[in-house]
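First up is the structure itself, then whatever we jot down about it.
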Amino acid sequence: MGKQRHSNISIFIPHMGCPNMCSFCNQRTISNSSAPSPREVGAMLEKACEQLPEGRSEIAFFGGSFTAVDREYMTDLLEQAYPYIQSGRVRGIRCSTRPDCIDKDVLKVLKNYGVTAIELGAQSMDDEVLAANNRGHSVDDVLTASALIKEQGFELGLQMMTGLYRSSPEKDIDTAEKIADIHPDTVRIYPTVILKGTRLGELFESGEYVPYGFDIAAEICADMLEMFEQKNIRVIKLGLHASETVEEDMIGGFYHPAFREICEGILFRREIGKRTETGGLYTVRVSPNAVSKAAGQKKCNIKYFDQKGISIKICPDGTLKNREIIVKKDE
Ligand code: SF4
């Protein structure tokens, strides 16, 4: 029903009779996902709040389209969450929904119940890609809903996917740029995972949908991560989080439990590459928690440079943060 991750209290609200049939979604075929009752949610919040530091966590309703579920059920859930906001035991309530399920009325309800952040599943900013994947909404819907959410003072999050049916690396990058132009507070990037029991699965198995390779997907996502960071937009998720469903039901596409680290490793590799143009021995200093990212998954960056006659030694340096690096050629 729900679980704690980091300092958030996440409550999974499943499909709930969603009328859409997005190409990548398998909620229609998942039989064991039943919606939690408001009473169950109340009990879960009480238990979770006892274990979490006061005022630092958020309650997150995620999974389905929160504003598209039965309105009475939605407000019953919010009734359970509201007291925690009022008392200051949690610092926010966030929910995720579809761009075509946002209007002024529902935003007013969310505001009254103390919701602080709304995330929209934009997925693509290309109408042809949206239509090919049966999203049932347009790019205009994303723009309109985003403007309304910002206007009403909510934190805005946008979610996008890469490698969808009929997309391309160029279209993915274009989507990221259009999303950045909206200036959301946060972004989640999900490389497409092809699940059993989905339209995408059928297209994949018939050979109609050929996803591009993992390396290309990782390079594109690294480009996007860098672009969003340069624009001060926080990328709060890169890659699907590990779950049994994904690992059991995946039949293709891009999934790796450490996908973000792979993308960050690519950015380190590019940066080190710019500063080690001639062969030899180099010391690369990075922040202590970036040592393994700089070395790359299974030390792939070290091997990559080795093949070019460049030997790099990575050392932790407490004065550096994030992806700052200092490169020195050893005499
Ligand atoms: S991904 Fe699409 S089909 Fe699945 S729950 Fe969301 S809107 Fe409905």
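Letters A, B, ... go to the chains of the structure tokens in the order shown; residues in each chain start at 1; ligands are counted from 1 in the same order.
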
**Request:** Excluding segment 92-100 of chain A and residues on its chain fewer than 4 positions from it, collect all residues at most 6 Å away from it, counting only C-alpha atoms, and give them as a count of residues only.
**Result:** 17

For the contact check between chain A and ligand 1, emit one row per residue of chain A within 12 Å, containing the shortest atom pair and the distance in Å rounded to one decimal, counting only C-alpha atoms and all ligand atoms, chain then rising number order, as a Markdown table.
| residue | atom | partner | partner_atom_place_in_ligand_line | distance |
| --- | --- | --- | --- | --- |
| A:Phe12 | CA | ligand 1 | 5 (S) | 11.6 |
| A:Ile13 | CA | ligand 1 | 5 (S) | 9.5 |
| A:Pro14 | CA | ligand 1 | 5 (S) | 7.2 |
| A:His15 | CA | ligand 1 | 5 (S) | 4.7 |
| A:Met16 | CA | ligand 1 | 5 (S) | 7.8 |
| A:Gly17 | CA | ligand 1 | 8 (Fe) | 8.0 |
| A:Cys18 | CA | ligand 1 | 8 (Fe) | 4.7 |
| A:Pro19 | CA | ligand 1 | 8 (Fe) | 6.5 |
| A:Asn20 | CA | ligand 1 | 3 (S) | 4.5 |
| A:Met21 | CA | ligand 1 | 3 (S) | 4.1 |
| A:Cys22 | CA | ligand 1 | 2 (Fe) | 4.2 |
| A:Ser23 | CA | ligand 1 | 3 (S) | 7.6 |
| A:Phe24 | CA | ligand 1 | 1 (S) | 7.0 |
| A:Cys25 | CA | ligand 1 | 4 (Fe) | 4.5 |
| A:Asn26 | CA | ligand 1 | 4 (Fe) | 6.7 |
| A:Gln27 | CA | ligand 1 | 4 (Fe) | 5.8 |
| A:Arg28 | CA | ligand 1 | 3 (S) | 7.4 |
| A:Thr29 | CA | ligand 1 | 4 (Fe) | 10.3 |
| A:Ile30 | CA | ligand 1 | 4 (Fe) | 10.9 |
| A:Ser33 | CA | ligand 1 | 5 (S) | 11.8 |
| A:Phe62 | CA | ligand 1 | 6 (Fe) | 10.3 |
| A:Gly63 | CA | ligand 1 | 5 (S) | 7.3 |
| A:Gly64 | CA | ligand 1 | 5 (S) | 4.9 |
| A:Ser65 | CA | ligand 1 | 6 (Fe) | 6.0 |
| A:Phe66 | CA | ligand 1 | 6 (Fe) | 9.7 |
| A:Thr67 | CA | ligand 1 | 7 (S) | 11.0 |
| A:Ala68 | CA | ligand 1 | 7 (S) | 9.0 |
| A:Val69 | CA | ligand 1 | 5 (S) | 10.3 |
| A:Ser96 | CA | ligand 1 | 6 (Fe) | 9.7 |
| A:Thr97 | CA | ligand 1 | 6 (Fe) | 7.8 |
| A:Arg98 | CA | ligand 1 | 7 (S) | 6.4 |
| A:Pro99 | CA | ligand 1 | 7 (S) | 9.6 |
| A:Asp100 | CA | ligand 1 | 7 (S) | 9.8 |
| A:Cys101 | CA | ligand 1 | 7 (S) | 9.8 |
| A:Leu120 | CA | ligand 1 | 6 (Fe) | 10.4 |
| A:Gly121 | CA | ligand 1 | 6 (Fe) | 8.0 |
| A:Ala122 | CA | ligand 1 | 7 (S) | 10.5 |
| A:Gln123 | CA | ligand 1 | 1 (S) | 9.6 |
| A:Leu130 | CA | ligand 1 | 2 (Fe) | 10.9 |
| A:Asn133 | CA | ligand 1 | 2 (Fe) | 9.3 |
| A:Asn134 | CA | ligand 1 | 2 (Fe) | 8.0 |
| A:Arg135 | CA | ligand 1 | 2 (Fe) | 6.2 |
| A:Gly136 | CA | ligand 1 | 7 (S) | 8.2 |
| A:His137 | CA | ligand 1 | 7 (S) | 9.5 |
| A:Gln159 | CA | ligand 1 | 1 (S) | 11.5 |
| A:Met160 | CA | ligand 1 | 1 (S) | 11.7 |
| A:Met161 | CA | ligand 1 | 1 (S) | 11.3 |
| A:Thr192 | CA | ligand 1 | 1 (S) | 11.9 |
| A:Thr198 | CA | ligand 1 | 3 (S) | 9.8 |
| A:Arg199 | CA | ligand 1 | 3 (S) | 10.6 |

**Prompt:** Got a sec: who's within 8 Å of Ala218 of chain A, counting only C-alpha atoms, leaving out chain neighbours fewer than 5 positions off, as a ChimeraX atom specification?
**Reply:** /A:259,262-263

**Message:** I'd like the interatomic distance between atom CA of Val41 of chain A and atom CA of Arg234 of chain A, to a tenth of an Å.
**Reply:** 28.8 Å

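Inside segment 195-243 of chain A, the residues DSSP reads as strand (DSSP E) when given the backbone are Leu195, Arg234, Val235, Ile236, Lys237 and Leu238 of chain A.
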
**Prompt:** Skipping near chain neighbours, those fewer than 2 positions away, what residues fall within 12 Å of Asp223 of chain A using only C-alpha atoms, listed as JSON, numbers by chain?
**Reply:** {"A": [169, 170, 172, 173, 174, 176, 177, 189, 216, 217, 218, 219, 220, 221, 225, 226, 227, 228, 229, 230, 260, 263, 264, 265, 266, 267, 268, 270]}

Closest atom pairs, segment 206-297 of chain A residues within 10 Å of segment 308-312 of chain A, only C-alpha atoms, as a tab-separated table:
residue	atom	partner	partner_atom	distance
A:Ile272	CA	A:Ile312	CA	9.2
A:Gly273	CA	A:Ile310	CA	9.6
A:Thr276	CA	A:Ile310	CA	7.4
A:Glu277	CA	A:Ile310	CA	8.6
A:Thr278	CA	A:Ile310	CA	7.4
A:Gly279	CA	A:Ile310	CA	4.6
A:Gly280	CA	A:Ile310	CA	5.1
A:Leu281	CA	A:Ser311	CA	4.7
A:Tyr282	CA	A:Ile312	CA	4.8
A:Thr283	CA	A:Ile312	CA	5.8
A:Val284	CA	A:Ile312	CA	6.6
A:Ala295	CA	A:Ile312	CA	9.0

Residues as selected, N, CA and C atoms, written as a PDB file, in the first residue's frame, can you do that?
ATOM      1  N   ILE A 272      36.695  14.994 -17.451  1.00  0.00           N
ATOM      2  CA  ILE A 272      38.089  14.550 -17.316  1.00  0.00           C
ATOM      3  C   ILE A 272      38.737  14.547 -18.711  1.00  0.00           C
ATOM      4  N   GLY A 273      37.964  14.100 -19.714  1.00  0.00           N
ATOM      5  CA  GLY A 273      38.473  14.040 -21.092  1.00  0.00           C
ATOM      6  C   GLY A 273      38.949  15.401 -21.600  1.00  0.00           C
ATOM      7  N   THR A 276      42.522  16.149 -20.068  1.00  0.00           N
ATOM      8  CA  THR A 276      43.622  15.171 -20.159  1.00  0.00           C
ATOM      9  C   THR A 276      43.883  14.874 -21.634  1.00  0.00           C
ATOM     10  N   GLU A 277      44.269  15.905 -22.341  1.00  0.00           N
ATOM     11  CA  GLU A 277      44.359  15.711 -23.790  1.00  0.00           C
ATOM     12  C   GLU A 277      45.566  14.881 -24.240  1.00  0.00           C
ATOM     13  N   THR A 278      46.655  14.944 -23.488  1.00  0.00           N
ATOM     14  CA  THR A 278      47.816  14.141 -23.899  1.00  0.00           C
ATOM     15  C   THR A 278      47.971  12.949 -22.961  1.00  0.00           C
ATOM     16  N   GLY A 279      48.618  11.903 -23.435  1.00  0.00           N
ATOM     17  CA  GLY A 279      48.799  10.699 -22.628  1.00  0.00           C
ATOM     18  C   GLY A 279      49.642  10.996 -21.383  1.00  0.00           C
ATOM     19  N   GLY A 280      49.624  10.089 -20.423  1.00  0.00           N
ATOM     20  CA  GLY A 280      50.433  10.259 -19.220  1.00  0.00           C
ATOM     21  C   GLY A 280      49.635   9.907 -17.980  1.00  0.00           C
ATOM     22  N   LEU A 281      50.197  10.314 -16.860  1.00  0.00           N
ATOM     23  CA  LEU A 281      49.601   9.983 -15.563  1.00  0.00           C
ATOM     24  C   LEU A 281      48.956  11.239 -14.981  1.00  0.00           C
ATOM     25  N   TYR A 282      47.707  11.115 -14.566  1.00  0.00           N
ATOM     26  CA  TYR A 282      46.990  12.277 -14.030  1.00  0.00           C
ATOM     27  C   TYR A 282      46.379  11.957 -12.669  1.00  0.00           C
ATOM     28  N   THR A 283      46.350  12.965 -11.787  1.00  0.00           N
ATOM     29  CA  THR A 283      45.597  12.830 -10.543  1.00  0.00           C
ATOM     30  C   THR A 283      44.339  13.674 -10.700  1.00  0.00           C
ATOM     31  N   VAL A 284      43.193  13.035 -10.453  1.00  0.00           N
ATOM     32  CA  VAL A 284      41.907  13.730 -10.565  1.00  0.00           C
ATOM     33  C   VAL A 284      41.308  13.807  -9.169  1.00  0.00           C
ATOM     34  N   ALA A 295      35.038   7.352 -11.190  1.00  0.00           N
ATOM     35  CA  ALA A 295      35.704   6.156 -11.730  1.00  0.00           C
ATOM     36  C   ALA A 295      34.795   5.430 -12.723  1.00  0.00           C
TER      37      ALA A 295
END

**Message:** I need the residues in segment 26-189 of chain A that are helix (DSSP H, G or I) according to DSSP; give them as a ChimeraX atom specification.
**Reply:** /A:27-29,38-51,66-68,71-86,99-101,104-112,127-132,139-151,169-182

With C-alpha atoms retained, export the selected residues as a compact mmCIF listing (two decimals), in the first residue's frame.
# COMPACT_ATOMS: atom_id res chain seq x y z
CA GLN A 27 -1.64 -0.85 -14.34
CA ARG A 28 -4.63 -2.32 -16.15
CA THR A 29 -3.07 -5.77 -15.98
CA PRO A 38 -8.80 6.62 3.74
CA ARG A 39 -8.77 4.86 7.11
CA GLU A 40 -5.78 2.73 6.04
CA VAL A 41 -3.99 5.84 4.83
CA GLY A 42 -4.68 7.56 8.16
CA ALA A 43 -3.19 4.63 10.09
CA MET A 44 -0.18 4.53 7.84
CA LEU A 45 0.49 8.24 8.19
CA GLU A 46 0.24 8.01 11.97
CA LYS A 47 2.74 5.15 12.06
CA ALA A 48 5.14 6.78 9.60
CA CYS A 49 5.07 10.15 11.36
CA GLU A 50 6.04 8.53 14.68
CA GLN A 51 9.27 7.35 13.08
CA PHE A 66 -4.45 11.88 -8.11
CA THR A 67 -6.83 14.53 -9.41
CA ALA A 68 -8.53 12.07 -11.75
CA ARG A 71 -13.39 13.42 -6.11
CA GLU A 72 -14.84 12.23 -2.82
CA TYR A 73 -12.10 9.62 -2.45
CA MET A 74 -9.47 12.26 -3.24
CA THR A 75 -10.78 14.64 -0.58
CA ASP A 76 -11.14 11.79 1.94
CA LEU A 77 -7.43 11.03 1.46
CA LEU A 78 -6.53 14.69 1.82
CA GLU A 79 -8.62 14.89 5.02
CA GLN A 80 -6.27 12.28 6.44
CA ALA A 81 -3.16 14.16 5.40
CA TYR A 82 -4.26 17.71 6.27
CA PRO A 83 -3.85 17.51 10.09
CA TYR A 84 -0.16 16.67 9.64
CA ILE A 85 0.38 19.84 7.65
CA GLN A 86 -1.64 21.91 10.12
CA PRO A 99 -1.84 17.44 -17.43
CA ASP A 100 -5.44 17.19 -18.64
CA CYS A 101 -6.73 16.60 -15.10
CA LYS A 104 -8.80 25.96 -11.33
CA ASP A 105 -11.44 24.15 -9.26
CA VAL A 106 -9.31 21.15 -8.41
CA LEU A 107 -6.33 23.37 -7.64
CA LYS A 108 -8.52 25.26 -5.17
CA VAL A 109 -9.40 22.00 -3.42
CA LEU A 110 -5.73 20.95 -3.29
CA LYS A 111 -4.74 24.36 -1.91
CA ASN A 112 -7.39 24.20 0.81
CA ASP A 127 2.26 15.84 -30.05
CA GLU A 128 3.03 12.99 -32.44
CA VAL A 129 4.90 11.06 -29.76
CA LEU A 130 2.09 11.69 -27.26
CA ALA A 131 -0.50 10.43 -29.76
CA ALA A 132 1.58 7.39 -30.79
CA VAL A 139 1.58 19.49 -25.40
CA ASP A 140 -0.82 22.41 -24.93
CA ASP A 141 -2.38 20.63 -21.95
CA VAL A 142 1.07 20.46 -20.33
CA LEU A 143 1.66 24.16 -20.93
CA THR A 144 -1.77 25.20 -19.66
CA ALA A 145 -1.69 23.00 -16.56
CA SER A 146 1.88 24.06 -15.71
CA ALA A 147 0.94 27.75 -15.96
CA LEU A 148 -2.11 27.26 -13.71
CA ILE A 149 -0.11 25.33 -11.11
CA LYS A 150 2.59 28.00 -10.96
CA GLU A 151 0.04 30.82 -10.92
CA PRO A 169 17.25 11.16 -29.32
CA GLU A 170 16.63 14.56 -30.97
CA LYS A 171 12.97 14.60 -29.94
CA ASP A 172 13.91 13.59 -26.39
CA ILE A 173 16.41 16.44 -26.10
CA ASP A 174 13.84 18.83 -27.58
CA THR A 175 11.31 17.66 -24.95
CA ALA A 176 13.84 18.33 -22.18
CA GLU A 177 14.50 21.81 -23.54
CA LYS A 178 10.79 22.62 -23.76
CA ILE A 179 10.32 21.35 -20.22
CA ALA A 180 13.20 23.53 -19.02
CA ASP A 181 11.54 26.53 -20.74
CA ILE A 182 8.53 26.04 -18.43

**Request:** Could you check which of A:Asp330, A:Asp215, A:Gly252, A:Leu52 is closest to Leu200 of chain A, using only C-alpha atoms?
**Result:** A:Gly252

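When the distance limit is 10 Å and only C-alpha atoms are what count, the residues near Pro257 of chain A, minus those fewer than 2 positions from it on the same chain, are A:Gly239, A:Leu240, A:His241, A:Ala242, A:Ser243, A:Glu247, A:Tyr255, A:Phe259, A:Arg260, A:Glu261, A:Ile262.
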
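Between atom CA of Lys329 of chain A and atom CA of Glu271 of chain A the separation is 14.8 Å.
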